[in-house]
file entry_30.txt (compact mmCIF, C-alpha atoms and all ligand atoms)
# COMPACT_ATOMS: atom_id res chain seq x y z
CA MET A 14 49.74 -42.22 35.61
CA GLU A 15 50.72 -38.62 36.43
CA LEU A 16 50.16 -36.13 33.65
CA GLY A 17 52.22 -32.94 33.36
CA ASN A 18 50.11 -29.76 33.05
CA ASN A 19 50.98 -29.21 29.44
CA LEU A 20 50.74 -32.79 28.28
CA VAL A 21 47.69 -33.24 26.09
CA ILE A 22 48.47 -36.81 25.08
CA GLU A 23 50.52 -39.38 26.92
CA THR A 24 50.77 -43.08 26.20
CA ARG A 25 53.02 -45.50 28.02
CA GLY A 26 53.66 -49.01 26.83
CA LEU A 27 50.59 -48.90 24.58
CA ARG A 28 49.83 -52.31 23.12
CA MET A 29 47.21 -53.48 20.67
CA ARG A 30 46.55 -56.96 19.47
CA TYR A 31 44.08 -58.01 16.80
CA GLY A 32 43.59 -61.75 17.32
CA SER A 33 47.08 -63.19 17.41
CA THR A 34 48.67 -60.24 15.62
CA GLU A 35 50.30 -57.64 17.82
CA VAL A 36 50.07 -54.33 15.98
CA LEU A 37 51.34 -51.98 18.73
CA ARG A 38 54.11 -53.37 20.93
CA GLY A 39 54.68 -50.72 23.56
CA VAL A 40 54.21 -47.25 22.11
CA ASP A 41 55.25 -44.24 24.20
CA LEU A 42 53.93 -40.93 22.91
CA ARG A 43 53.83 -37.48 24.48
CA LEU A 44 52.24 -34.43 22.98
CA GLN A 45 52.46 -30.96 24.56
CA ARG A 46 49.78 -28.28 24.38
CA GLY A 47 50.00 -26.29 21.12
CA GLU A 48 52.33 -28.80 19.49
CA VAL A 49 51.77 -30.19 15.98
CA LEU A 50 52.92 -33.79 15.79
CA ALA A 51 53.07 -35.81 12.58
CA LEU A 52 52.72 -39.56 13.05
CA LEU A 53 54.38 -41.29 10.13
CA GLY A 54 54.94 -44.90 9.23
CA PRO A 55 54.50 -47.46 6.48
CA ASN A 56 51.09 -48.92 5.59
CA GLY A 57 49.92 -51.13 8.42
CA ALA A 58 52.32 -49.59 10.97
CA GLY A 59 49.45 -48.92 13.38
CA LYS A 60 48.92 -45.18 12.96
CA THR A 61 45.15 -45.34 12.57
CA THR A 62 44.94 -47.89 15.38
CA THR A 63 46.87 -45.51 17.66
CA VAL A 64 44.72 -42.54 16.70
CA GLU A 65 41.49 -44.50 17.21
CA ILE A 66 42.64 -45.58 20.67
CA LEU A 67 43.42 -41.94 21.54
CA GLU A 68 40.01 -40.87 20.22
CA GLY A 69 38.31 -43.49 22.39
CA PHE A 70 36.99 -45.49 19.43
CA ARG A 71 39.12 -48.57 20.06
CA THR A 72 39.89 -50.50 23.23
CA ARG A 73 43.61 -51.09 23.74
CA SER A 74 45.06 -54.42 24.82
CA ALA A 75 47.45 -52.94 27.39
CA GLY A 76 49.31 -49.83 28.50
CA GLY A 77 48.46 -46.42 29.95
CA VAL A 78 46.75 -43.67 27.93
CA ARG A 79 45.72 -40.15 28.91
CA VAL A 80 44.16 -37.67 26.51
CA LEU A 81 43.35 -34.26 28.00
CA GLY A 82 43.83 -35.88 31.38
CA VAL A 83 41.27 -38.64 30.79
CA ASP A 84 41.55 -42.31 29.88
CA PRO A 85 39.81 -42.34 26.46
CA GLU A 86 38.01 -45.56 27.38
CA ARG A 87 36.22 -43.58 30.07
CA GLY A 88 35.80 -40.32 28.13
CA ASP A 89 32.32 -38.76 28.49
CA ASP A 90 30.51 -36.32 26.17
CA ALA A 91 32.15 -33.29 27.82
CA TRP A 92 35.60 -34.81 27.14
CA ARG A 93 34.65 -35.75 23.59
CA ALA A 94 33.50 -32.19 22.92
CA ARG A 95 37.08 -31.02 23.52
CA LEU A 96 38.37 -33.19 20.66
CA GLY A 97 38.14 -32.51 16.95
CA ILE A 98 37.91 -35.64 14.86
CA VAL A 99 37.74 -35.78 11.08
CA LEU A 100 35.25 -38.43 10.06
CA GLN A 101 34.06 -39.21 6.58
CA SER A 102 30.60 -40.40 7.48
CA TRP A 103 29.15 -36.93 6.73
CA ARG A 104 29.19 -37.92 3.09
CA ASP A 105 26.02 -39.79 3.82
CA HIS A 106 24.33 -36.46 4.52
CA GLY A 107 24.46 -35.57 0.82
CA GLY A 108 21.09 -33.83 0.81
CA TRP A 109 22.08 -31.33 3.51
CA ARG A 110 23.39 -27.89 2.62
CA VAL A 111 26.87 -27.08 3.88
CA ARG A 112 25.98 -24.14 6.16
CA GLU A 113 22.91 -25.93 7.47
CA LEU A 114 24.92 -28.98 8.56
CA LEU A 115 27.61 -26.90 10.29
CA GLY A 116 24.99 -24.80 12.11
CA HIS A 117 23.16 -27.92 13.18
CA LEU A 118 26.30 -29.60 14.52
CA GLY A 119 27.36 -26.40 16.31
CA ARG A 120 24.24 -26.64 18.45
CA PHE A 121 25.40 -30.00 19.82
CA TYR A 122 28.42 -28.31 21.35
CA THR A 123 26.59 -25.52 23.19
CA PRO A 124 26.21 -27.47 26.48
CA TYR A 125 29.97 -28.05 26.58
CA VAL A 126 31.75 -25.27 24.72
CA ASP A 127 31.58 -21.50 25.41
CA SER A 128 31.49 -20.42 21.80
CA PRO A 129 31.38 -22.99 19.05
CA TYR A 130 32.31 -21.57 15.65
CA ARG A 131 29.49 -19.88 13.78
CA ALA A 132 28.91 -21.68 10.49
CA ASP A 133 29.92 -18.69 8.33
CA GLU A 134 33.10 -18.08 10.30
CA LEU A 135 34.07 -21.71 9.85
CA LEU A 136 33.25 -21.70 6.14
CA THR A 137 35.58 -18.75 5.63
CA LEU A 138 38.28 -20.43 7.71
CA VAL A 139 38.28 -23.58 5.57
CA GLY A 140 37.71 -21.77 2.27
CA LEU A 141 34.19 -23.02 1.63
CA ALA A 142 32.31 -19.72 1.91
CA GLU A 143 31.28 -19.80 -1.75
CA HIS A 144 29.71 -23.20 -1.23
CA ALA A 145 27.69 -22.36 1.89
CA ASN A 146 24.40 -23.14 0.17
CA ALA A 147 25.60 -26.09 -1.88
CA ARG A 148 24.26 -29.54 -1.15
CA ILE A 149 26.98 -31.80 0.21
CA ALA A 150 26.47 -34.32 -2.58
CA THR A 151 27.48 -31.68 -5.15
CA LEU A 152 30.87 -30.87 -3.57
CA SER A 153 34.10 -32.08 -5.17
CA GLY A 154 36.33 -34.56 -3.29
CA GLY A 155 38.65 -31.82 -2.01
CA GLN A 156 35.71 -29.62 -0.99
CA ARG A 157 34.16 -32.49 0.94
CA ARG A 158 37.44 -33.07 2.73
CA ARG A 159 37.46 -29.38 3.72
CA LEU A 160 33.95 -29.86 5.02
CA ASP A 161 35.11 -32.89 7.03
CA VAL A 162 37.78 -30.68 8.59
CA ALA A 163 35.27 -27.87 9.23
CA ILE A 164 33.02 -30.34 11.04
CA ALA A 165 35.95 -31.41 13.24
CA LEU A 166 36.54 -27.75 14.14
CA VAL A 167 32.96 -26.77 15.01
CA GLY A 168 33.50 -27.07 18.77
CA ARG A 169 36.85 -25.17 18.77
CA PRO A 170 38.67 -28.33 19.85
CA GLU A 171 41.69 -28.20 22.13
CA LEU A 172 43.03 -31.29 20.40
CA LEU A 173 42.51 -31.96 16.73
CA PHE A 174 43.14 -35.31 15.05
CA LEU A 175 43.81 -35.09 11.32
CA ASP A 176 44.09 -38.48 9.62
CA GLU A 177 45.56 -37.93 6.14
CA PRO A 178 43.81 -34.58 5.88
CA THR A 179 44.83 -33.42 2.41
CA VAL A 180 44.23 -36.56 0.36
CA GLY A 181 42.53 -35.38 -2.81
CA PHE A 182 43.40 -31.70 -2.34
CA ASP A 183 44.77 -29.75 -5.29
CA PRO A 184 48.04 -27.86 -4.63
CA HIS A 185 46.22 -24.59 -3.95
CA ALA A 186 43.77 -26.19 -1.50
CA ARG A 187 46.69 -27.96 0.16
CA GLN A 188 48.57 -24.68 0.60
CA GLU A 189 45.46 -23.05 2.10
CA PHE A 190 44.95 -25.99 4.38
CA HIS A 191 48.54 -25.73 5.62
CA GLU A 192 47.94 -22.08 6.44
CA LEU A 193 44.83 -23.10 8.36
CA VAL A 194 46.82 -25.63 10.40
CA HIS A 195 49.45 -22.99 11.19
CA GLN A 196 46.72 -20.57 12.24
CA LEU A 197 45.04 -23.16 14.46
CA SER A 198 48.27 -24.05 16.19
CA ASP A 199 49.87 -20.59 16.39
CA VAL A 200 46.80 -18.42 17.03
CA GLU A 201 44.28 -20.77 18.64
CA GLU A 202 46.91 -22.94 20.41
CA THR A 203 45.17 -26.04 19.12
CA THR A 204 47.20 -29.20 19.68
CA ILE A 205 47.25 -31.26 16.49
CA LEU A 206 48.04 -34.91 15.81
CA LEU A 207 48.40 -35.47 12.11
CA THR A 208 48.93 -38.68 10.18
CA THR A 209 50.10 -38.36 6.62
CA HIS A 210 52.05 -40.14 3.93
CA ASP A 211 52.98 -36.77 2.45
CA LEU A 212 56.41 -36.13 3.89
CA ASP A 213 56.64 -32.60 2.51
CA GLU A 214 53.43 -31.87 4.35
CA ALA A 215 54.84 -33.37 7.56
CA GLU A 216 57.96 -31.26 7.22
CA LYS A 217 55.95 -28.08 6.63
CA LEU A 218 53.45 -28.58 9.43
CA ALA A 219 54.99 -30.60 12.22
CA ASP A 220 56.95 -29.32 15.19
CA ARG A 221 57.80 -32.93 15.87
CA ILE A 222 57.72 -36.18 13.95
CA VAL A 223 57.15 -39.66 15.32
CA ILE A 224 57.79 -42.64 13.06
CA LEU A 225 55.99 -45.88 13.88
CA ALA A 226 57.28 -49.12 12.38
CA GLY A 227 56.81 -52.69 13.48
CA GLY A 228 54.52 -51.55 16.29
CA THR A 229 57.06 -49.32 18.05
CA VAL A 230 58.31 -45.76 17.84
CA VAL A 231 61.51 -45.92 15.78
CA ALA A 232 62.14 -42.17 15.72
CA ASP A 233 60.86 -39.13 17.62
CA GLY A 234 62.17 -35.62 17.14
CA THR A 235 62.07 -32.44 15.09
CA PRO A 236 62.68 -32.92 11.35
CA ALA A 237 66.20 -31.53 11.92
CA ASP A 238 66.84 -33.99 14.82
CA LEU A 239 65.86 -36.90 12.61
CA ALA A 240 68.03 -35.72 9.74
CA ARG A 241 71.01 -35.53 12.09
CA ARG A 242 70.26 -38.96 13.47
CA VAL A 243 70.37 -40.81 10.15
CA ALA A 244 72.85 -38.59 8.57
CA ALA A 245 75.62 -37.16 10.34
CA GLU A 246 76.51 -38.17 6.77
CA ALA A 247 76.23 -36.22 3.58
CA GLU A 248 76.50 -37.28 -0.01
CA VAL A 249 79.34 -35.89 -2.07
CA ARG A 250 78.75 -36.26 -5.78
CA PHE A 251 81.29 -35.46 -8.41
CA THR A 252 82.52 -36.43 -11.82
CA ARG A 253 86.09 -37.70 -12.17
CA ASP A 254 87.67 -38.65 -15.44
CA GLY A 255 84.25 -38.49 -17.03
CA GLU A 256 82.61 -40.88 -14.50
CA ARG A 257 79.91 -39.87 -12.02
CA ARG A 258 80.78 -40.88 -8.43
CA VAL A 259 79.04 -40.67 -5.08
CA HIS A 260 80.62 -40.75 -1.61
CA THR A 261 78.55 -40.87 1.59
CA CYS A 262 80.55 -39.55 4.50
CA ALA A 263 80.32 -37.80 7.83
CA ASP A 264 82.81 -35.08 6.99
CA PRO A 265 82.16 -33.90 3.45
CA THR A 266 84.49 -30.91 3.79
CA GLY A 267 87.36 -33.17 4.87
CA PHE A 268 86.57 -35.60 2.10
CA VAL A 269 86.55 -32.85 -0.54
CA ARG A 270 89.84 -31.52 0.81
CA GLN A 271 91.40 -34.97 0.45
CA LEU A 272 89.89 -35.42 -2.97
CA PHE A 273 91.51 -32.25 -4.26
CA ALA A 274 94.77 -32.92 -2.42
CA ARG A 275 95.03 -36.24 -4.18
CA ARG A 276 93.85 -35.04 -7.58
CA ASP A 277 92.89 -31.50 -8.17
CA ASP A 278 92.46 -31.97 -11.89
CA GLY A 279 89.70 -33.87 -13.58
CA VAL A 280 87.14 -33.40 -10.76
CA THR A 281 84.05 -31.53 -11.94
CA ASP A 282 80.34 -31.10 -11.08
CA LEU A 283 81.00 -31.23 -7.32
CA GLU A 284 77.82 -31.31 -5.24
CA ILE A 285 77.20 -31.89 -1.50
CA ARG A 286 73.75 -33.01 -0.39
CA ARG A 287 72.15 -33.51 3.02
CA PRO A 288 69.07 -35.75 3.09
CA SER A 289 65.54 -34.38 2.85
CA LEU A 290 62.81 -35.61 5.21
CA PRO A 291 61.58 -38.22 2.68
CA GLU A 292 65.10 -39.64 2.51
CA VAL A 293 65.52 -39.53 6.29
CA TYR A 294 62.18 -41.28 6.70
CA LEU A 295 63.05 -44.02 4.22
CA ALA A 296 66.48 -44.52 5.80
CA LEU A 297 64.98 -44.85 9.28
CA VAL A 298 62.30 -47.30 8.19
CA ARG A 299 64.77 -49.30 6.11
CA GLU A 300 67.29 -49.44 8.93
CA PHE A 301 64.56 -50.52 11.32
CA GLU A 302 63.43 -53.26 8.94
CA SER A 303 66.97 -54.51 8.43
CA GLY A 304 67.44 -54.70 12.21
CA ARG A 305 70.38 -52.31 12.20
CA PRO A 306 70.17 -49.35 14.59
CA ALA A 307 69.64 -46.05 12.78
CA GLU A 308 72.71 -44.58 14.44
CA ALA A 309 74.98 -47.27 13.03
CA PRO A 310 77.82 -45.73 11.07
CA ARG A 311 77.40 -46.29 7.38
CA GLU A 312 80.25 -47.30 5.19
CA LEU A 313 81.72 -44.98 2.67
CA LEU A 314 80.02 -45.79 -0.56
CA GLU A 315 81.63 -45.19 -3.86
CA VAL A 316 79.90 -45.86 -7.13
CA SER A 317 82.71 -46.53 -9.49
CA GLY A 318 82.51 -47.25 -13.12
N1 LIG B 1 39.77 -54.25 13.11
C1 LIG B 1 40.90 -54.89 12.78
N2 LIG B 1 40.98 -56.22 12.88
C2 LIG B 1 42.11 -56.88 12.57
N3 LIG B 1 43.23 -56.28 12.12
C3 LIG B 1 43.21 -54.96 11.99
C4 LIG B 1 42.06 -54.17 12.32
N4 LIG B 1 42.33 -52.86 12.09
C5 LIG B 1 43.61 -52.83 11.65
N5 LIG B 1 44.13 -54.07 11.60
C6 LIG B 1 45.52 -54.43 11.19
O1 LIG B 1 46.41 -53.73 12.02
C7 LIG B 1 47.52 -53.25 11.30
C8 LIG B 1 47.67 -51.75 11.49
O2 LIG B 1 46.59 -51.09 10.84
P1 LIG B 1 46.42 -49.52 10.87
O3 LIG B 1 45.21 -49.20 10.04
O4 LIG B 1 46.44 -49.03 12.27
O5 LIG B 1 47.76 -49.05 10.13
P2 LIG B 1 48.13 -47.64 9.51
O6 LIG B 1 49.52 -47.34 9.98
O7 LIG B 1 47.09 -46.63 9.80
O8 LIG B 1 48.17 -48.01 7.97
P3 LIG B 1 47.88 -47.11 6.64
O9 LIG B 1 49.08 -46.25 6.46
O10 LIG B 1 47.77 -48.16 5.58
O11 LIG B 1 46.61 -46.34 6.86
C9 LIG B 1 47.32 -53.67 9.86
O12 LIG B 1 48.05 -54.84 9.63
C10 LIG B 1 45.83 -53.97 9.77
O13 LIG B 1 45.58 -54.97 8.85

call {"tool": "encode", "arguments": {"input": "entry_30.txt", "output": "structure tokens", "more": "lines below"}}
Ligand SMILES: Nc1ncnc2c1ncn2[C@@H]1O[C@H](COP(=O)(O)OP(=O)(O)OP(=O)(O)O)[C@@H](O)[C@H]1O
result
Amino acid sequence: MELGNNLVIETRGLRMRYGSTEVLRGVDLRLQRGEVLALLGPNGAGKTTTVEILEGFRTRSAGGVRVLGVDPERGDDAWRARLGIVLQSWRDHGGWRVRELLGHLGRFYTPYVDSPYRADELLTLVGLAEHANARIATLSGGQRRRLDVAIALVGRPELLFLDEPTVGFDPHARQEFHELVHQLSDVEETTILLTTHDLDEAEKLADRIVILAGGTVVADGTPADLARRVAAEAEVRFTRDGERRVHTCADPTGFVRQLFARRDDGVTDLEIRRPSLPEVYLALVREFESGRPAEAPRELLEVSG
């Protein structure tokens, strides 16, 4: 499989079967250098399976995969050192102090990486500087998660995998983490593959969104592309003769014009809404599950009393 210069990840026809259950049924993914991609999908869609195959932790059933130009099944230590992977197993190292663990891990990267992060630099980056001397067992859930991310960053990875990175973060920590992701992608040119169930987070962080459902990619595009795909339609809400009504239509301006041409009295509380990413996501997954193509025109819907 040929890999373009800027392609950090490429899968073609990726398949994964657990026993008789086929979880991935031909997944095609491409991720360019410096891009932040959010992989979304319902529980059990195969996101973690995909990520683990890309990380080289799981052997695929079929299909072509290249990560940083290498088939992950044949990735050596030098290849692995170019990846940043957030694992949770560090929680077992509860007796270690935070700075001590990061310094220790940094030394593993020296044969492969020009300048791994210094522990203090990394602690500042992830907002754990105040806890440098704390034992890992004494950190809160959110602080441990930041440590997990710090550990993934030690070797200044070219490609960072973040599997549900902000679970357990308070809103402030989440905001800081989002700034960190922007900094890594904009300043360090780190390529990032993120899985999350937090659609606001996906919208804030991702250049591109891929939705997996039923073992295939059901949508791939910028958040704006996806919104256009499910909804060339907008919702027009209004109250007429004291009753609340909703129309879904492709041309809300035309609809409103007609509405007023027919009856310009008695229409109040007029509101036009385009769908947010959570709504787009749910529409795409629902349409996939119902077997109807996402582009299918939707009927005008009127809720009448
Ligand atoms: N080792 C395994 N053996 C058998 N089945 C597995 C194994 N790992 C995952 N599965 C199954 O494969 C499917 C996909 O799992 P996966 O964890 O990849 O989904 P996911 O999209 O990450 O889900 P979630 O959003 O719940 O984390 C699920 O039905 C799961 O039960």

call {"tool": "closest_residue", "arguments": {"input": "entry_30.txt", "among": "A:Arg73, A:Arg158, A:Arg131, A:Arg95", "to": "ligand LIG 1 (chain B)", "atoms": "all atoms listed in the file"}}
result
A:Arg73

call {"tool": "residues_around", "arguments": {"input": "entry_30.txt", "residues": "Glu177 of chain A", "least_positions_apart": "4", "cutoff": "8 Å", "atoms": "all atoms listed in the file", "output": "PyMOL selection string"}}
result
chain A and resi 207-210

call {"tool": "residues_near_ligand", "arguments": {"input": "entry_30.txt", "ligand": "ligand LIG 1 (chain B)", "cutoff": "7 Å", "atoms": "only C-alpha atoms and all ligand atoms", "output": "ChimeraX atom specification"}}
result
/A:31-32,36,54-63

call {"tool": "residues_around", "arguments": {"input": "entry_30.txt", "residues": "segment 191-196 of chain A", "least_positions_apart": "5", "cutoff": "10 Å", "atoms": "all atoms listed in the file", "output": "VMD selection string"}}
result
chain A and resid 49 138 to 140 173 175 179 185 to 186 201 to 205 214 217 to 219

call {"tool": "write_last_selection", "arguments": {"input": "entry_30.txt", "atoms": "C-alpha atoms", "output": "compact mmCIF listing (two decimals), in the coordinates of the input"}}
result
# COMPACT_ATOMS: atom_id res chain seq x y z
CA VAL A 49 51.77 -30.19 15.98
CA LEU A 138 38.28 -20.43 7.71
CA VAL A 139 38.28 -23.58 5.57
CA GLY A 140 37.71 -21.77 2.27
CA LEU A 173 42.51 -31.96 16.73
CA LEU A 175 43.81 -35.09 11.32
CA THR A 179 44.83 -33.42 2.41
CA HIS A 185 46.22 -24.59 -3.95
CA ALA A 186 43.77 -26.19 -1.50
CA GLU A 201 44.28 -20.77 18.64
CA GLU A 202 46.91 -22.94 20.41
CA THR A 203 45.17 -26.04 19.12
CA THR A 204 47.20 -29.20 19.68
CA ILE A 205 47.25 -31.26 16.49
CA GLU A 214 53.43 -31.87 4.35
CA LYS A 217 55.95 -28.08 6.63
CA LEU A 218 53.45 -28.58 9.43
CA ALA A 219 54.99 -30.60 12.22

call {"tool": "residues_around", "arguments": {"input": "entry_30.txt", "residues": "Asp211 of chain A", "least_positions_apart": "4", "cutoff": "10 Å", "atoms": "all atoms listed in the file", "output": "ChimeraX atom specification"}}
result
/A:53,177,179-180,215-216,291

call {"tool": "atom_distance", "arguments": {"input": "entry_30.txt", "atom1": "atom CA of Val230 of chain A", "atom2": "atom CA of Leu37 of chain A"}}
result
9.4 Å

call {"tool": "closest_atom_pairs", "arguments": {"input": "entry_30.txt", "of": "segment 67-96 of chain A", "to": "segment 119-128 of chain A", "cutoff": "10 Å", "atoms": "only C-alpha atoms", "output": "Markdown table"}}
result
| residue | atom | partner | partner_atom | distance |
| --- | --- | --- | --- | --- |
| A:Asp90 | CA | A:Tyr125 | CA | 8.3 |
| A:Ala91 | CA | A:Tyr125 | CA | 5.8 |
| A:Trp92 | CA | A:Tyr125 | CA | 8.8 |
| A:Arg93 | CA | A:Tyr125 | CA | 9.5 |
| A:Ala94 | CA | A:Tyr125 | CA | 6.6 |
| A:Arg95 | CA | A:Val126 | CA | 7.9 |

call {"tool": "atom_distance", "arguments": {"input": "entry_30.txt", "atom1": "atom CA of Pro129 of chain A", "atom2": "atom CA of Arg110 of chain A"}}
result
18.9 Å

call {"tool": "residues_around", "arguments": {"input": "entry_30.txt", "residues": "Gln45 of chain A", "least_positions_apart": "4", "cutoff": "6 Å", "atoms": "all atoms listed in the file", "output": "CSV table (one decimal) with C-alpha atoms, in the frame of the given file"}}
result
chain,number,residue,atom,x,y,z
A,19,ASN,CA,51.0,-29.2,29.4
A,20,LEU,CA,50.7,-32.8,28.3
A,21,VAL,CA,47.7,-33.2,26.1

call {"tool": "atom_distance", "arguments": {"input": "entry_30.txt", "atom1": "atom CA of Glu113 of chain A", "atom2": "atom CA of Ile149 of chain A"}}
result
10.2 Å
